[in-house]
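Read through the structure below, which is laid out as structure tokens, and then see the notes.
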Amino acid sequence: YARFFRALGHRIRSYRTERQLSQEDMISYGFSVRHWQMIEAGRPVTVFTLLRICEAFNLTLEQLCAGLSQHLRKRRGE
């Protein structure tokens, strides 16, 4: 699951930077800077937090998570 959350954090960072927002800007969406740093670092998040992120970026949960399931598959030899 760690690979999935790292990929999700990277995707969330990409959405933020595409919108030219800083981590500090995410305070206006109800996130602390430290919480946002942890999200982007790939720490596990709750569904509630995912829904808040989707709301902030005007995305559906499906759009945010599309294609990330490939990171849940086991690598060869595991």
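In the structure tokens, the first chain shown is A, the next is B, and so on; residue numbers restart at 1 for each chain, and ligands run from 1 in the order shown.
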Neighbours of Phe5 of chain A within 7 Å (only C-alpha atoms; same-chain residues fewer than 2 positions away dropped), as a PyMOL selection string?
chain A and resi 1-3+7-9+42-44
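Residues in contact with segment 58-62 of chain A at 12 Å, where only C-alpha atoms are counted and same-chain residues fewer than 4 positions away are skipped, are listed as A:Leu8, A:Ile12, A:Tyr15, A:Arg16, A:Arg19, A:Tyr29, A:Val47, A:Phe48, A:Thr49, A:Leu50, A:Leu51, A:Arg52, A:Ile53, A:Cys54, A:Ala66, A:Gly67, A:Leu68, A:Ser69.
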Using Å and a single decimal, report how far atom CA of Thr17 of chain A sits from atom CA of Arg73 of chain A.
27.9 Å
Chain A: residues DSSP assigns to alpha helix (DSSP H), reported as a PDB file with N, CA and C atoms, in the first residue's frame:
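File written: selection_22.pdb
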```
ATOM      1  N   ALA A   2       2.067   1.148   0.474  1.00  0.00           N
ATOM      2  CA  ALA A   2       2.955   2.312   0.522  1.00  0.00           C
ATOM      3  C   ALA A   2       3.196   2.869  -0.871  1.00  0.00           C
ATOM      4  N   ARG A   3       3.349   1.985  -1.863  1.00  0.00           N
ATOM      5  CA  ARG A   3       3.566   2.446  -3.245  1.00  0.00           C
ATOM      6  C   ARG A   3       2.354   3.217  -3.756  1.00  0.00           C
ATOM      7  N   PHE A   4       1.159   2.746  -3.421  1.00  0.00           N
ATOM      8  CA  PHE A   4      -0.069   3.427  -3.836  1.00  0.00           C
ATOM      9  C   PHE A   4      -0.121   4.836  -3.250  1.00  0.00           C
ATOM     10  N   PHE A   5       0.130   4.962  -1.945  1.00  0.00           N
ATOM     11  CA  PHE A   5       0.035   6.273  -1.310  1.00  0.00           C
ATOM     12  C   PHE A   5       1.142   7.220  -1.766  1.00  0.00           C
ATOM     13  N   ARG A   6       2.327   6.686  -2.077  1.00  0.00           N
ATOM     14  CA  ARG A   6       3.381   7.541  -2.643  1.00  0.00           C
ATOM     15  C   ARG A   6       2.958   8.079  -4.005  1.00  0.00           C
ATOM     16  N   ALA A   7       2.381   7.213  -4.835  1.00  0.00           N
ATOM     17  CA  ALA A   7       1.904   7.646  -6.153  1.00  0.00           C
ATOM     18  C   ALA A   7       0.768   8.655  -6.018  1.00  0.00           C
ATOM     19  N   LEU A   8      -0.125   8.419  -5.070  1.00  0.00           N
ATOM     20  CA  LEU A   8      -1.225   9.354  -4.829  1.00  0.00           C
ATOM     21  C   LEU A   8      -0.681  10.706  -4.378  1.00  0.00           C
ATOM     22  N   GLY A   9       0.277  10.709  -3.477  1.00  0.00           N
ATOM     23  CA  GLY A   9       0.889  11.953  -3.015  1.00  0.00           C
ATOM     24  C   GLY A   9       1.541  12.718  -4.149  1.00  0.00           C
ATOM     25  N   HIS A  10       2.206  12.002  -5.042  1.00  0.00           N
ATOM     26  CA  HIS A  10       2.834  12.637  -6.202  1.00  0.00           C
ATOM     27  C   HIS A  10       1.769  13.254  -7.110  1.00  0.00           C
ATOM     28  N   ARG A  11       0.680  12.536  -7.323  1.00  0.00           N
ATOM     29  CA  ARG A  11      -0.396  13.056  -8.167  1.00  0.00           C
ATOM     30  C   ARG A  11      -1.032  14.296  -7.539  1.00  0.00           C
ATOM     31  N   ILE A  12      -1.247  14.267  -6.245  1.00  0.00           N
ATOM     32  CA  ILE A  12      -1.833  15.417  -5.552  1.00  0.00           C
ATOM     33  C   ILE A  12      -0.902  16.622  -5.660  1.00  0.00           C
ATOM     34  N   ARG A  13       0.394  16.405  -5.496  1.00  0.00           N
ATOM     35  CA  ARG A  13       1.373  17.485  -5.658  1.00  0.00           C
ATOM     36  C   ARG A  13       1.296  18.058  -7.072  1.00  0.00           C
ATOM     37  N   SER A  14       1.149  17.189  -8.070  1.00  0.00           N
ATOM     38  CA  SER A  14       1.049  17.651  -9.454  1.00  0.00           C
ATOM     39  C   SER A  14      -0.176  18.530  -9.671  1.00  0.00           C
ATOM     40  N   TYR A  15      -1.324  18.107  -9.124  1.00  0.00           N
ATOM     41  CA  TYR A  15      -2.531  18.928  -9.241  1.00  0.00           C
ATOM     42  C   TYR A  15      -2.326  20.291  -8.579  1.00  0.00           C
ATOM     43  N   ARG A  16      -1.673  20.310  -7.436  1.00  0.00           N
ATOM     44  CA  ARG A  16      -1.442  21.584  -6.736  1.00  0.00           C
ATOM     45  C   ARG A  16      -0.533  22.492  -7.546  1.00  0.00           C
ATOM     46  N   THR A  17       0.560  21.953  -8.056  1.00  0.00           N
ATOM     47  CA  THR A  17       1.513  22.791  -8.791  1.00  0.00           C
ATOM     48  C   THR A  17       0.957  23.234 -10.138  1.00  0.00           C
ATOM     49  N   GLU A  18       0.137  22.385 -10.777  1.00  0.00           N
ATOM     50  CA  GLU A  18      -0.513  22.791 -12.035  1.00  0.00           C
ATOM     51  C   GLU A  18      -1.386  24.020 -11.822  1.00  0.00           C
ATOM     52  N   VAL A  33      -0.434  23.211   6.848  1.00  0.00           N
ATOM     53  CA  VAL A  33       0.732  22.978   5.989  1.00  0.00           C
ATOM     54  C   VAL A  33       1.344  21.624   6.305  1.00  0.00           C
ATOM     55  N   ARG A  34       1.465  21.291   7.573  1.00  0.00           N
ATOM     56  CA  ARG A  34       2.072  20.006   7.959  1.00  0.00           C
ATOM     57  C   ARG A  34       1.254  18.833   7.451  1.00  0.00           C
ATOM     58  N   HIS A  35      -0.070  18.917   7.555  1.00  0.00           N
ATOM     59  CA  HIS A  35      -0.927  17.841   7.044  1.00  0.00           C
ATOM     60  C   HIS A  35      -0.739  17.697   5.531  1.00  0.00           C
ATOM     61  N   TRP A  36      -0.699  18.829   4.844  1.00  0.00           N
ATOM     62  CA  TRP A  36      -0.538  18.790   3.390  1.00  0.00           C
ATOM     63  C   TRP A  36       0.819  18.187   3.020  1.00  0.00           C
ATOM     64  N   GLN A  37       1.861  18.517   3.747  1.00  0.00           N
ATOM     65  CA  GLN A  37       3.182  17.936   3.492  1.00  0.00           C
ATOM     66  C   GLN A  37       3.137  16.422   3.645  1.00  0.00           C
ATOM     67  N   MET A  38       2.442  15.951   4.660  1.00  0.00           N
ATOM     68  CA  MET A  38       2.337  14.512   4.885  1.00  0.00           C
ATOM     69  C   MET A  38       1.553  13.832   3.762  1.00  0.00           C
ATOM     70  N   ILE A  39       0.503  14.473   3.276  1.00  0.00           N
ATOM     71  CA  ILE A  39      -0.275  13.930   2.160  1.00  0.00           C
ATOM     72  C   ILE A  39       0.625  13.772   0.935  1.00  0.00           C
ATOM     73  N   GLU A  40       1.342  14.835   0.597  1.00  0.00           N
ATOM     74  CA  GLU A  40       2.202  14.796  -0.589  1.00  0.00           C
ATOM     75  C   GLU A  40       3.388  13.856  -0.421  1.00  0.00           C
ATOM     76  N   VAL A  47     -10.597   8.433   3.622  1.00  0.00           N
ATOM     77  CA  VAL A  47     -11.514   8.753   2.526  1.00  0.00           C
ATOM     78  C   VAL A  47     -12.025  10.185   2.701  1.00  0.00           C
ATOM     79  N   PHE A  48     -12.285  10.579   3.928  1.00  0.00           N
ATOM     80  CA  PHE A  48     -12.734  11.944   4.184  1.00  0.00           C
ATOM     81  C   PHE A  48     -11.722  12.961   3.650  1.00  0.00           C
ATOM     82  N   THR A  49     -10.435  12.734   3.909  1.00  0.00           N
ATOM     83  CA  THR A  49      -9.394  13.631   3.412  1.00  0.00           C
ATOM     84  C   THR A  49      -9.350  13.607   1.887  1.00  0.00           C
ATOM     85  N   LEU A  50      -9.486  12.434   1.279  1.00  0.00           N
ATOM     86  CA  LEU A  50      -9.516  12.356  -0.181  1.00  0.00           C
ATOM     87  C   LEU A  50     -10.667  13.174  -0.752  1.00  0.00           C
ATOM     88  N   LEU A  51     -11.827  13.100  -0.128  1.00  0.00           N
ATOM     89  CA  LEU A  51     -12.976  13.870  -0.594  1.00  0.00           C
ATOM     90  C   LEU A  51     -12.737  15.372  -0.451  1.00  0.00           C
ATOM     91  N   ARG A  52     -12.063  15.777   0.615  1.00  0.00           N
ATOM     92  CA  ARG A  52     -11.723  17.199   0.787  1.00  0.00           C
ATOM     93  C   ARG A  52     -10.740  17.663  -0.286  1.00  0.00           C
ATOM     94  N   ILE A  53      -9.785  16.808  -0.640  1.00  0.00           N
ATOM     95  CA  ILE A  53      -8.824  17.129  -1.698  1.00  0.00           C
ATOM     96  C   ILE A  53      -9.552  17.273  -3.027  1.00  0.00           C
ATOM     97  N   CYS A  54     -10.460  16.347  -3.298  1.00  0.00           N
ATOM     98  CA  CYS A  54     -11.245  16.419  -4.541  1.00  0.00           C
ATOM     99  C   CYS A  54     -12.037  17.715  -4.609  1.00  0.00           C
ATOM    100  N   GLU A  55     -12.621  18.100  -3.498  1.00  0.00           N
ATOM    101  CA  GLU A  55     -13.389  19.344  -3.452  1.00  0.00           C
ATOM    102  C   GLU A  55     -12.481  20.549  -3.722  1.00  0.00           C
ATOM    103  N   ALA A  56     -11.305  20.549  -3.135  1.00  0.00           N
ATOM    104  CA  ALA A  56     -10.372  21.665  -3.315  1.00  0.00           C
ATOM    105  C   ALA A  56      -9.947  21.813  -4.773  1.00  0.00           C
ATOM    106  N   PHE A  57      -9.771  20.690  -5.467  1.00  0.00           N
ATOM    107  CA  PHE A  57      -9.309  20.720  -6.852  1.00  0.00           C
ATOM    108  C   PHE A  57     -10.442  20.565  -7.867  1.00  0.00           C
ATOM    109  N   LEU A  61     -13.489  11.675  -7.178  1.00  0.00           N
ATOM    110  CA  LEU A  61     -12.580  10.697  -6.587  1.00  0.00           C
ATOM    111  C   LEU A  61     -12.007   9.796  -7.674  1.00  0.00           C
ATOM    112  N   GLU A  62     -12.833   9.464  -8.661  1.00  0.00           N
ATOM    113  CA  GLU A  62     -12.374   8.626  -9.778  1.00  0.00           C
ATOM    114  C   GLU A  62     -11.254   9.311 -10.546  1.00  0.00           C
ATOM    115  N   GLN A  63     -11.381  10.625 -10.774  1.00  0.00           N
ATOM    116  CA  GLN A  63     -10.330  11.343 -11.492  1.00  0.00           C
ATOM    117  C   GLN A  63      -9.033  11.362 -10.695  1.00  0.00           C
ATOM    118  N   LEU A  64      -9.151  11.582  -9.402  1.00  0.00           N
ATOM    119  CA  LEU A  64      -7.956  11.662  -8.557  1.00  0.00           C
ATOM    120  C   LEU A  64      -7.214  10.332  -8.504  1.00  0.00           C
ATOM    121  N   CYS A  65      -7.954   9.235  -8.454  1.00  0.00           N
ATOM    122  CA  CYS A  65      -7.336   7.919  -8.243  1.00  0.00           C
ATOM    123  C   CYS A  65      -7.172   7.093  -9.521  1.00  0.00           C
TER     124      CYS A  65
END
```
